[in-house]
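To be precise, the following lines are entry05.txt, and they hold compact mmCIF, C-alpha atoms.
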```
# COMPACT_ATOMS: atom_id res chain seq x y z
CA MET A 449 0.00 0.00 0.00
CA ASN A 450 1.33 3.37 -1.00
CA PRO A 451 1.59 5.65 2.01
CA ALA A 452 1.49 8.69 -0.23
CA ALA A 453 -2.06 7.77 -1.23
CA THR A 454 -3.27 7.69 2.34
CA PRO A 455 -5.63 10.63 2.98
CA ASP A 456 -4.48 13.18 5.51
CA PRO A 457 -6.31 13.20 8.84
CA PRO A 458 -8.56 16.20 9.49
CA ASP A 459 -6.73 19.25 10.79
CA PRO A 460 -7.78 19.78 14.39
CA GLY A 461 -6.69 23.42 14.14
CA GLY A 462 -9.21 24.13 11.41
CA ALA A 463 -6.72 24.50 8.57
CA SER A 464 -9.66 24.32 6.16
CA HIS A 465 -10.87 27.66 7.59
CA GLN A 466 -7.63 29.53 7.02
CA GLU A 467 -8.10 33.29 6.58
CA HIS A 468 -8.35 34.44 3.04
CA ALA A 469 -5.70 36.96 2.07
CA MET A 470 -7.47 39.92 0.45
CA THR A 471 -6.25 41.16 -2.83
CA ALA A 472 -5.54 44.84 -3.46
CA GLU A 473 -8.91 45.26 -5.18
CA GLU A 474 -10.78 43.60 -2.31
CA ARG A 475 -9.04 45.74 0.31
CA ALA A 476 -9.82 48.89 -1.66
CA GLU A 477 -13.49 47.89 -1.84
CA TYR A 478 -13.50 47.10 1.89
CA GLU A 479 -12.03 50.48 2.74
CA ARG A 480 -14.56 52.19 0.50
CA LEU A 481 -17.49 50.44 2.16
CA ARG A 482 -16.04 51.20 5.59
CA ARG A 483 -15.69 54.90 4.79
CA HIS A 484 -19.23 54.95 3.40
CA ALA A 485 -20.65 53.38 6.56
CA ALA A 486 -18.69 55.77 8.76
CA THR A 487 -19.88 58.77 6.72
CA ARG A 488 -23.48 57.60 6.88
CA HIS A 489 -23.23 57.06 10.64
CA ARG A 490 -21.70 60.51 11.07
CA ARG A 491 -24.47 62.13 9.04
CA LEU A 492 -27.14 60.37 11.08
CA ARG A 493 -25.54 61.65 14.27
CA GLN A 494 -25.38 65.17 12.88
CA VAL A 495 -29.04 65.08 11.82
CA GLY A 496 -30.13 63.75 15.20
CA SER A 497 -28.02 66.33 16.99
CA SER A 498 -29.53 69.13 14.88
CA VAL A 499 -33.08 68.00 15.66
CA LEU A 500 -32.34 67.85 19.40
CA LEU A 501 -30.72 71.29 19.30
CA LEU A 502 -33.69 72.78 17.43
CA LEU A 503 -36.10 71.43 20.06
CA ALA A 504 -33.91 72.75 22.88
CA LEU A 505 -33.70 76.24 21.35
CA LEU A 506 -37.45 76.41 20.73
CA LEU A 507 -38.13 75.42 24.34
CA ALA A 508 -35.49 77.72 25.86
CA PRO A 509 -37.61 80.93 26.07
CA LEU A 510 -40.62 78.97 27.35
CA ALA A 511 -38.42 77.23 29.93
CA VAL A 512 -37.13 80.57 31.25
CA ALA A 513 -40.66 82.01 31.43
CA ALA A 514 -41.99 78.83 33.06
CA ALA A 515 -39.24 78.85 35.66
CA TRP A 516 -39.99 82.52 36.38
CA VAL A 517 -43.71 81.82 36.88
CA GLN A 518 -43.03 78.78 39.03
CA ASP A 519 -40.48 80.64 41.13
CA THR A 520 -42.70 83.67 41.64
CA VAL A 521 -45.74 81.61 42.55
CA SER A 522 -44.09 79.06 44.83
CA ASP A 523 -41.66 81.29 46.76
CA THR A 524 -43.32 83.81 49.10
CA ASP A 525 -40.14 85.80 49.66
CA ARG A 526 -39.55 86.00 45.93
CA TYR A 527 -43.11 87.16 45.32
CA VAL A 528 -42.90 89.86 47.98
CA GLU A 529 -39.55 90.92 46.55
CA THR A 530 -41.22 91.20 43.16
CA VAL A 531 -44.15 93.43 44.16
CA ALA A 532 -42.57 95.36 47.05
CA PRO A 533 -41.08 98.14 44.84
CA LEU A 534 -44.57 99.13 43.69
CA ALA A 535 -45.23 100.70 47.09
CA SER A 536 -42.31 103.10 46.65
CA GLU A 537 -42.83 103.83 42.96
CA PRO A 538 -43.75 107.56 42.66
CA ALA A 539 -46.07 107.03 39.69
CA VAL A 540 -48.02 104.30 41.47
CA GLN A 541 -48.12 106.34 44.70
CA GLU A 542 -49.54 109.29 42.77
CA VAL A 543 -52.35 107.11 41.37
CA VAL A 544 -53.25 105.78 44.82
CA ILE A 545 -53.12 109.28 46.38
CA ASN A 546 -55.39 110.78 43.70
CA ARG A 547 -57.89 107.91 43.86
CA LEU A 548 -58.16 107.98 47.64
CA THR A 549 -58.30 111.79 47.78
CA ASN A 550 -61.16 111.87 45.28
CA ARG A 551 -63.08 109.27 47.23
CA VAL A 552 -62.66 111.11 50.52
CA VAL A 553 -63.62 114.50 49.07
CA ASP A 554 -66.64 112.97 47.34
CA ASN A 555 -67.84 111.74 50.73
CA VAL A 556 -67.51 115.19 52.34
CA ASP A 557 -70.72 117.07 51.54
CA VAL A 558 -69.33 120.61 51.35
CA ALA A 559 -72.52 121.92 49.74
CA ALA A 560 -74.54 120.73 52.72
CA VAL A 561 -72.17 122.56 55.07
CA THR A 562 -72.51 125.87 53.18
CA ASP A 563 -76.29 125.45 52.90
CA SER A 564 -76.55 124.90 56.65
CA LEU A 565 -74.40 127.95 57.28
CA SER A 566 -76.48 130.12 54.92
CA LYS A 567 -79.71 128.93 56.52
CA ALA A 568 -78.39 129.65 60.01
CA LEU A 569 -77.36 133.17 58.94
CA GLN A 570 -80.76 133.84 57.42
CA GLU A 571 -82.53 132.67 60.55
CA SER A 572 -80.32 134.91 62.67
CA GLY A 573 -81.25 137.94 60.57
CA ALA A 574 -77.97 138.45 58.76
CA SER A 575 -77.87 140.75 55.75
CA PRO A 576 -78.32 139.27 52.27
CA ARG A 577 -74.70 140.10 51.44
CA VAL A 578 -73.46 137.98 54.35
CA VAL A 579 -75.74 135.11 53.35
CA ALA A 580 -74.50 135.33 49.75
CA GLY A 581 -70.93 135.35 50.98
CA ALA A 582 -71.56 132.18 52.96
CA GLU A 583 -72.97 130.50 49.88
CA SER A 584 -69.86 131.44 47.88
CA LEU A 585 -67.66 129.60 50.41
CA GLU A 586 -68.39 126.23 48.82
CA GLY A 587 -65.53 126.45 46.30
CA PRO A 588 -62.79 127.62 48.75
CA LEU A 589 -64.05 125.19 51.39
CA ARG A 590 -63.95 122.26 48.97
CA SER A 591 -60.42 123.27 47.90
CA ALA A 592 -59.30 123.52 51.52
CA VAL A 593 -60.77 120.10 52.34
CA ARG A 594 -59.10 118.58 49.30
CA SER A 595 -55.76 120.16 50.23
CA VAL A 596 -55.86 118.83 53.79
CA VAL A 597 -57.03 115.37 52.71
CA ASP A 598 -54.39 115.19 49.97
CA ARG A 599 -51.65 116.19 52.40
CA THR A 600 -52.75 113.59 54.96
CA ILE A 601 -53.03 110.79 52.40
CA THR A 602 -49.68 111.72 50.87
CA ARG A 603 -47.99 111.40 54.25
CA VAL A 604 -49.50 107.93 54.66
CA ILE A 605 -48.71 106.67 51.16
CA THR A 606 -45.16 108.05 50.97
CA GLY A 607 -44.27 107.04 54.53
CA ASP A 608 -42.97 103.78 55.93
CA ALA A 609 -46.46 102.77 57.03
CA PHE A 610 -47.66 102.23 53.48
CA GLN A 611 -44.56 100.19 52.62
CA GLN A 612 -45.07 97.98 55.67
CA VAL A 613 -48.80 97.57 55.05
CA TRP A 614 -48.12 96.78 51.40
CA GLU A 615 -45.50 94.13 52.08
CA GLY A 616 -47.49 92.62 54.93
CA ALA A 617 -50.65 92.41 52.85
CA ASN A 618 -48.81 90.78 49.96
CA ARG A 619 -47.00 88.35 52.22
CA ARG A 620 -50.29 87.28 53.83
CA SER A 621 -52.07 87.04 50.52
CA HIS A 622 -49.32 85.43 48.49
CA ALA A 623 -51.96 83.37 46.75
CA ALA A 624 -52.91 86.55 44.86
CA VAL A 625 -50.46 85.71 42.08
CA VAL A 626 -52.03 82.28 41.67
CA ASN A 627 -55.45 83.91 41.60
CA MET A 628 -54.36 86.28 38.85
CA LEU A 629 -52.98 83.46 36.73
CA THR A 630 -55.92 81.12 37.31
CA GLY A 631 -58.68 83.75 37.23
CA GLN A 632 -59.85 83.24 40.82
CA ARG A 633 -61.40 86.21 42.63
CA GLU A 634 -59.52 86.28 45.89
CA GLY A 635 -56.46 88.09 47.19
CA ALA A 636 -54.91 91.48 46.47
CA VAL A 637 -54.38 90.83 42.76
CA ARG A 638 -57.25 89.14 40.98
CA ALA A 639 -58.82 88.76 37.56
CA GLU A 640 -62.22 90.28 36.83
CA GLY A 641 -63.44 89.54 33.33
CA ASP A 642 -60.81 90.88 30.94
CA THR A 643 -59.00 92.95 33.58
CA VAL A 644 -56.52 92.31 36.37
CA GLN A 645 -57.22 94.46 39.41
CA LEU A 646 -55.30 95.45 42.52
CA ASP A 647 -57.20 95.51 45.82
CA VAL A 648 -56.12 98.43 48.03
CA GLY A 649 -58.62 97.66 50.79
CA GLU A 650 -56.10 97.59 53.63
CA VAL A 651 -54.61 100.88 52.49
CA VAL A 652 -58.07 102.45 52.40
CA THR A 653 -58.69 101.27 55.95
CA GLU A 654 -55.38 102.75 57.11
CA VAL A 655 -56.09 106.11 55.43
CA ARG A 656 -59.64 106.22 56.82
CA GLU A 657 -58.39 105.67 60.36
CA ARG A 658 -55.72 108.35 59.96
CA LEU A 659 -58.27 110.88 58.65
CA VAL A 660 -60.72 110.16 61.47
CA ASP A 661 -57.91 110.61 64.00
CA ALA A 662 -57.05 113.92 62.32
CA GLY A 663 -60.61 115.21 62.93
CA PHE A 664 -62.30 114.33 59.63
CA ASP A 665 -65.27 112.44 60.99
CA LYS A 666 -66.80 112.32 57.52
CA ALA A 667 -63.93 110.08 56.44
CA ALA A 668 -65.56 107.27 58.40
CA ALA A 669 -68.17 107.19 55.62
CA ILE A 670 -65.62 106.02 53.04
CA PRO A 671 -67.31 102.91 51.62
CA ASP A 672 -65.85 99.44 51.76
CA THR A 673 -66.74 98.89 48.10
CA ASP A 674 -64.90 100.00 44.98
CA ARG A 675 -61.42 99.56 46.40
CA THR A 676 -59.71 98.26 43.29
CA ILE A 677 -57.35 99.74 40.73
CA THR A 678 -57.20 98.22 37.26
CA LEU A 679 -53.67 97.07 36.48
CA PHE A 680 -54.14 95.19 33.21
CA GLN A 681 -56.90 95.30 30.63
CA ALA A 682 -56.71 93.04 27.61
CA GLU A 683 -59.20 91.12 25.54
CA GLU A 684 -56.87 88.11 25.41
CA LEU A 685 -56.51 87.80 29.18
CA GLY A 686 -58.31 84.44 29.18
CA LYS A 687 -55.83 82.96 26.71
CA ALA A 688 -52.95 84.47 28.64
CA GLN A 689 -54.25 82.84 31.81
CA ASP A 690 -54.45 79.46 30.06
CA THR A 691 -50.87 79.89 28.87
CA MET A 692 -49.71 80.87 32.34
CA ARG A 693 -51.40 77.83 33.87
CA LEU A 694 -49.58 75.60 31.40
CA LEU A 695 -46.28 77.33 32.13
CA ASP A 696 -46.89 76.93 35.84
CA ILE A 697 -47.47 73.19 35.44
CA LEU A 698 -44.36 72.79 33.30
CA GLY A 699 -42.29 75.18 35.39
CA THR A 700 -40.36 72.41 37.06
CA TRP A 701 -39.82 69.99 34.19
CA LEU A 702 -39.58 72.20 31.13
CA PRO A 703 -36.17 73.68 32.11
CA VAL A 704 -34.89 70.18 32.91
CA LEU A 705 -36.12 68.89 29.55
CA THR A 706 -34.51 71.80 27.72
CA ILE A 707 -31.13 71.24 29.38
CA ALA A 708 -31.34 67.50 28.70
CA LEU A 709 -32.09 68.07 25.01
CA ALA A 710 -29.17 70.50 24.69
CA ALA A 711 -26.82 68.06 26.44
CA LEU A 712 -27.96 65.21 24.19
CA ALA A 713 -27.43 67.41 21.13
CA VAL A 714 -23.83 68.04 22.17
CA TRP A 715 -23.20 64.40 23.08
CA THR A 716 -24.72 63.02 19.87
CA ASN A 717 -22.82 65.29 17.51
CA PRO A 718 -19.39 63.96 16.45
CA ALA A 719 -17.80 67.42 16.91
CA HIS A 720 -18.54 68.07 20.58
CA ARG A 721 -16.66 71.34 20.91
CA VAL A 722 -18.22 72.85 17.80
CA MET A 723 -21.66 71.74 18.96
CA VAL A 724 -21.13 73.36 22.36
CA MET A 725 -20.28 76.61 20.58
CA ILE A 726 -23.31 76.36 18.29
CA THR A 727 -25.61 75.53 21.21
CA ALA A 728 -24.34 78.47 23.23
CA ILE A 729 -24.80 80.85 20.29
CA GLY A 730 -28.32 79.51 19.73
CA VAL A 731 -29.27 79.98 23.38
CA GLY A 732 -27.89 83.51 23.29
CA VAL A 733 -29.97 84.31 20.21
CA MET A 734 -33.13 82.91 21.83
CA MET A 735 -32.54 84.97 24.96
CA GLY A 736 -32.20 88.02 22.74
CA VAL A 737 -35.52 87.11 21.13
CA LEU A 738 -37.10 86.80 24.58
CA LEU A 739 -35.81 90.25 25.58
CA VAL A 740 -37.22 91.74 22.38
CA ALA A 741 -40.54 89.98 23.04
CA LEU A 742 -40.70 91.57 26.50
CA VAL A 743 -40.17 95.01 24.96
CA VAL A 744 -42.92 94.38 22.40
CA ALA A 745 -45.27 93.05 25.11
CA ARG A 746 -44.58 96.19 27.15
CA ARG A 747 -45.63 98.39 24.25
CA VAL A 748 -48.77 96.31 23.64
CA TYR A 749 -49.68 96.46 27.32
CA LEU A 750 -49.22 100.23 27.55
CA ASP A 751 -51.34 100.73 24.44
CA SER A 752 -54.09 98.53 25.90
CA VAL A 753 -54.40 100.51 29.16
CA PRO A 754 -56.56 103.64 28.78
CA PRO A 755 -54.96 106.73 30.39
CA THR A 756 -58.22 107.34 32.22
CA ALA A 757 -57.89 103.97 33.94
CA LEU A 758 -54.17 104.20 34.70
CA PRO A 759 -51.56 106.82 33.74
CA THR A 760 -48.93 105.63 31.28
CA ASP A 761 -46.01 106.13 33.67
CA ALA A 762 -47.75 104.13 36.40
CA ALA A 763 -48.64 101.35 33.96
CA ALA A 764 -45.03 101.24 32.76
CA ALA A 765 -43.75 101.06 36.34
CA ILE A 766 -46.12 98.18 37.13
CA TYR A 767 -45.11 96.20 34.05
CA ASP A 768 -41.39 96.76 34.59
CA THR A 769 -41.70 95.73 38.24
CA PHE A 770 -43.54 92.51 37.50
CA VAL A 771 -41.23 91.29 34.72
CA ARG A 772 -37.87 92.56 35.99
CA PHE A 773 -36.76 89.16 37.33
CA LEU A 774 -37.70 87.49 34.03
CA ARG A 775 -35.71 90.14 32.18
CA ASP A 776 -32.75 89.65 34.53
CA SER A 777 -32.82 85.88 33.97
CA ALA A 778 -32.80 86.33 30.19
CA ARG A 779 -29.87 88.76 30.40
CA THR A 780 -27.94 86.41 32.68
CA LEU A 781 -28.42 83.47 30.31
CA LEU A 782 -27.41 85.67 27.38
CA VAL A 783 -24.13 86.61 29.07
CA LEU A 784 -23.54 82.99 30.11
CA ALA A 785 -24.13 81.80 26.55
CA VAL A 786 -21.64 84.33 25.16
CA ILE A 787 -19.02 83.24 27.70
CA THR A 788 -19.60 79.55 26.92
CA ALA A 789 -19.26 80.17 23.18
CA LEU A 790 -16.00 82.07 23.71
CA VAL A 791 -14.57 79.33 25.92
CA ALA A 792 -15.48 76.66 23.34
CA TYR A 793 -13.85 78.72 20.60
CA LEU A 794 -10.66 79.26 22.62
CA TYR A 795 -10.32 75.49 22.96
CA GLY A 796 -10.39 75.13 19.17
CA PRO A 797 -7.70 75.17 16.45
CA GLY A 798 -8.36 78.74 15.31
CA ARG A 799 -5.35 81.00 14.92
CA PRO A 800 -6.51 83.61 17.51
CA ALA A 801 -7.31 80.81 19.96
CA ARG A 802 -3.90 79.18 19.48
CA ALA A 803 -2.15 82.54 19.80
CA LEU A 804 -3.97 83.32 23.06
CA ARG A 805 -3.19 79.87 24.47
CA THR A 806 0.45 80.29 23.52
CA VAL A 807 0.71 83.67 25.22
CA THR A 808 -1.02 82.31 28.33
CA ASP A 809 1.25 79.25 28.47
CA ARG A 810 4.36 81.38 28.09
CA GLY A 811 3.23 83.73 30.82
CA ALA A 812 2.44 80.86 33.21
CA THR A 813 5.76 79.19 32.37
CA ALA A 814 7.68 82.39 32.99
CA ALA A 815 5.91 82.93 36.33
CA GLY A 816 6.54 79.29 37.30
CA ARG A 817 10.23 79.52 36.46
CA GLY A 818 10.51 82.70 38.48
CA LEU A 819 9.00 80.99 41.51
CA SER A 820 11.20 77.94 40.90
CA HIS A 821 14.36 80.07 40.83
CA ALA A 822 13.17 81.69 44.06
CA GLY A 823 13.21 78.26 45.71
CA LEU A 824 9.50 77.39 45.47
CA ARG A 825 8.96 74.08 43.69
CA THR A 826 5.87 71.92 43.57
CA GLY A 827 7.75 68.74 42.56
CA ALA A 828 5.59 65.69 41.95
CA THR A 829 2.39 67.67 42.47
CA GLY A 830 3.38 70.10 39.75
CA ARG A 831 4.29 67.29 37.38
CA TRP A 832 0.94 65.64 38.08
CA LEU A 833 -0.80 68.91 37.25
CA THR A 834 1.17 69.08 34.01
CA ASP A 835 0.26 65.51 33.03
CA ASN A 836 -3.44 66.01 33.91
CA ARG A 837 -3.92 69.59 32.78
CA ALA A 838 -6.96 68.79 30.66
CA TRP A 839 -8.68 67.03 33.56
CA THR A 840 -7.94 69.79 36.08
CA THR A 841 -9.15 72.49 33.70
CA GLY A 842 -12.31 70.52 33.02
CA ALA A 843 -12.88 70.08 36.75
CA VAL A 844 -12.60 73.83 37.30
CA ILE A 845 -15.07 74.53 34.49
CA ALA A 846 -17.45 71.89 35.85
CA ALA A 847 -17.21 73.40 39.34
CA GLY A 848 -18.05 76.84 37.95
CA ALA A 849 -21.02 75.46 36.03
CA LEU A 850 -22.24 73.58 39.12
CA THR A 851 -21.99 76.77 41.17
CA LEU A 852 -24.23 78.60 38.72
CA VAL A 853 -26.70 75.71 38.65
CA LEU A 854 -26.95 75.60 42.45
CA TRP A 855 -27.17 79.39 42.66
CA ASN A 856 -30.89 80.13 43.09
CA HIS A 857 -30.98 83.38 41.14
CA PRO A 858 -27.63 84.14 39.52
CA THR A 859 -27.21 87.61 38.06
CA VAL A 860 -24.92 88.95 35.36
CA GLY A 861 -22.56 90.08 38.11
CA GLY A 862 -22.62 86.60 39.62
CA VAL A 863 -21.75 84.99 36.29
CA VAL A 864 -18.84 87.39 35.80
CA LEU A 865 -17.65 86.69 39.35
CA VAL A 866 -17.70 82.90 38.85
CA LEU A 867 -15.91 83.32 35.52
CA GLY A 868 -13.19 85.46 37.12
CA ILE A 869 -12.64 82.96 39.92
CA ALA A 870 -12.48 80.04 37.44
CA LEU A 871 -9.92 81.85 35.27
CA ALA A 872 -7.84 82.71 38.32
CA VAL A 873 -7.87 79.07 39.50
CA VAL A 874 -6.87 77.79 36.03
CA LEU A 875 -4.02 80.32 35.88
CA ILE A 876 -2.81 79.38 39.37
CA LEU A 877 -2.83 75.68 38.47
CA ALA A 878 -0.83 76.42 35.30
CA ILE A 879 1.76 78.36 37.32
CA LEU A 880 1.99 75.57 39.90
CA ALA A 881 2.51 73.06 37.09
CA ALA A 882 5.33 75.20 35.67
CA THR A 883 6.92 75.43 39.14
CA ALA A 884 7.52 71.68 39.31
CA GLY A 885 11.12 71.97 38.14
CA PRO A 886 12.99 69.40 35.96
CA ALA A 887 11.19 66.06 35.89
CA GLY A 888 14.37 64.11 36.54
CA HIS A 889 15.74 66.29 39.31
CA ALA A 890 14.40 64.23 42.21
CA GLU A 891 15.26 60.93 40.51
CA ASP A 892 18.86 62.05 39.84
CA GLY A 893 19.26 63.09 43.46
CA ALA A 894 18.01 59.72 44.65
CA THR A 895 20.39 57.90 42.28
CA GLU A 896 23.39 59.85 43.55
CA ARG A 897 22.50 59.11 47.17
CA ALA A 898 22.15 55.40 46.39
CA ALA A 899 25.50 55.18 44.54
CA PRO A 900 28.40 53.57 46.58
```
Represent the structure from my file as structure tokens, please.
Amino acid sequence: MNPAATPDPPDPGGASHQEHAMTAEERAEYERLRRHAATRHRRLRQVGSSVLLLLALLLAPLAVAAAWVQDTVSDTDRYVETVAPLASEPAVQEVVINRLTNRVVDNVDVAAVTDSLSKALQESGASPRVVAGAESLEGPLRSAVRSVVDRTITRVITGDAFQQVWEGANRRSHAAVVNMLTGQREGAVRAEGDTVQLDVGEVVTEVRERLVDAGFDKAAAIPDTDRTITLFQAEELGKAQDTMRLLDILGTWLPVLTIALAALAVWTNPAHRVMVMITAIGVGVMMGVLLVALVVARRVYLDSVPPTALPTDAAAAIYDTFVRFLRDSARTLLVLAVITALVAYLYGPGRPARALRTVTDRGATAAGRGLSHAGLRTGATGRWLTDNRAWTTGAVIAAGALTLVLWNHPTVGGVVLVLGIALAVVLILAILAATAGPAGHAEDGATERAAP
């Protein structure tokens, strides 16, 4: 039997499944398909990121407004802080003084006083000239009464008592804001039909007591009815109330959803840094749109309030007082967005960014060498900072962002302060890293000491 004809036993190593060596054409086709798949995957990520960013930007103004409504309604101190300046606003004080003065004078029957005096003079036999003179006292007497009443009410309204009564009333009736937004008819601020009215009942009571104490017994007849001042008048108040109710419900979750969508947009996009910059620019633009919308709404509101119901300057003061925290929030986010976009750009490959980083590095290195020559060296700590510079810088930025998130009501000044502190910390860490000295200095010293 010929051993050469004997079949070979099966290869336990699976030689029959040996890898096929690709030809040049096959490898080229493989690389082409791989690049195509990668390009398609990248485009899908970019499209998804763009959709998420668009949703986040559309929700951004609503999220800010919803957070403002939620914050104002739920926080008593914040609400009182919002409405407290109205008590010291000269235009609003003038409206209250004029309204109360008119009501008091209307309840003082000056004509009855002059008629009684004329009748008494006639019965006592006074001459017709004297009786006619008594009848002509109605005008001067009414003017004198108005002057005294106006002076007394002005002292009350412009004094500390009115401020205290105003803040106390608003603190006790904090639910007034909810009533205005929901259309309920309770509290100091409430909706009546297509108007929003301010109840000055407690102020009327205070003024009435002061006038009675001053000798104006007729002031006790000031009625308990008609104690409201119309603040807003608009045909679309019902729709505005529906919108405000929705914003109040979403006040907690809408900001969270907006931030989550923006974060997902950045994470999904292949170019994270560029997407951060685009997101920041988009948020800044939307905050600008919100600020413009507030200006337009102010004009619409002032045009809708008749001067006979409320003077223009008082209406403007009321609007500006109510929306000032919303305006401040939009400005703060606008500044924060600009800063974020600048930071993202400075981390990029642009020529100005690289030039600025180079100048900063040289300055930190020079300062570190100066401290090192002076005998101050950070050694291993400095070398660790050098090796982990990206992580330490990211930690500082994250700490600054967390500070702003935990800050209840950050302002533009607060954002600038946090930014200054973060830049100072980053610069100090860079100087400490440059103060480490030669990396092999400690090792060379240890080698020399160990040598025989």
Please report the interatomic distance between atom CA of Pro800 of chain A and atom CA of Val724 of chain A in Å with one decimal. 18.5 Å
Among A:Ala847, A:Leu852, A:Leu865, A:Ala778, Val731 of chain A is approached most closely, using all atoms listed in the file, by A:Ala778
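Between atom CA of Tyr749 of chain A and atom CA of Tyr767 of chain A the separation is 8.1 Å.
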What's the separation between atom CA of Asp598 of chain A and atom CA of Val553 of chain A, in Å to one decimal place?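 Taking atom CA of Asp598 of chain A and atom CA of Val553 of chain A, their separation equals 9.3 Å.
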With only C-alpha atoms as the counted atoms, please give the residues lying no more than 8 Å from Ala881 of chain A, apart from itself and same-chain residues fewer than 2 positions off, as a list of chain:residue names.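 Neighbouring residues, sequence-local ones excluded: A:Gly816, A:Thr826, A:Thr829, A:Gly830, A:Arg831, A:Trp832, A:Leu833, A:Thr834, A:Leu877, A:Ala878, A:Ile879, A:Thr883, A:Ala884.
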Of the listed residues A:Gly730, A:Trp715, A:Gly616, A:Ala539, that which approaches Leu507 of chain A most closely, counting all atoms listed in the file: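 Among A:Gly730, A:Trp715, A:Gly616, A:Ala539, it is A:Gly730 that comes nearest to Leu507 of chain A.
Among A:Ala713, A:Val744, A:Ala882, A:Phe770, the residue with the shortest atom-to-atom distance to Asp835 of chain A, counting only C-alpha atoms, is A:Ala882.
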Residues near Ile605 of chain A, cut-off 12 Å, all atoms listed in the file, skip fewer than 2 positions along chain, as a PyMOL selection string: chain A and resi 534-549+598-603+607-614+648+650-652+654-655+658
Name the residues within 12 Å of (-33.0, 72.7, 27.0), counting all atoms listed in the file in the file's coordinates, and put them as a PyMOL selection string. chain A and resi 500-512+701-714+727-728+730-731+734
Identify which of the residues A:Leu854, A:Arg721, A:Phe773, A:Leu750 lies closest to Ala789 of chain A, counting only C-alpha atoms when measuring atom-to-atom distances. A:Arg721
Let me make sure I understand: among A:Arg619, A:Ala814, A:Thr780, A:Leu492, which one has the smallest atom-to-atom distance to Asp523 of chain A if we use all atoms listed in the file?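 Among the listed residues, the smallest separation from Asp523 of chain A belongs to A:Arg619.
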Between A:Val864, A:Leu824, A:Tyr527, A:Leu739, which residue has the minimum interatomic distance to Ile787 of chain A, considering all atoms listed in the file?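 Looking only at the distances to Ile787 of chain A, the closest residue turns out to be A:Val864.
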Determine, counting all atoms listed in the file, which protein, DNA and RNA residues have an atom within 12 Å of an atom of Asp768 of chain A; residues of the same chain fewer than 6 positions away are not included. Present the result as a list in words.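 What passes the distance filter is Thr530, Val531, Pro533, Leu534, Glu537, Leu742, Val743, Ala745, Arg746, Arg747, Tyr749, Leu750, Asp761, Ala762, Leu774, Arg775 and Asp776 of chain A.
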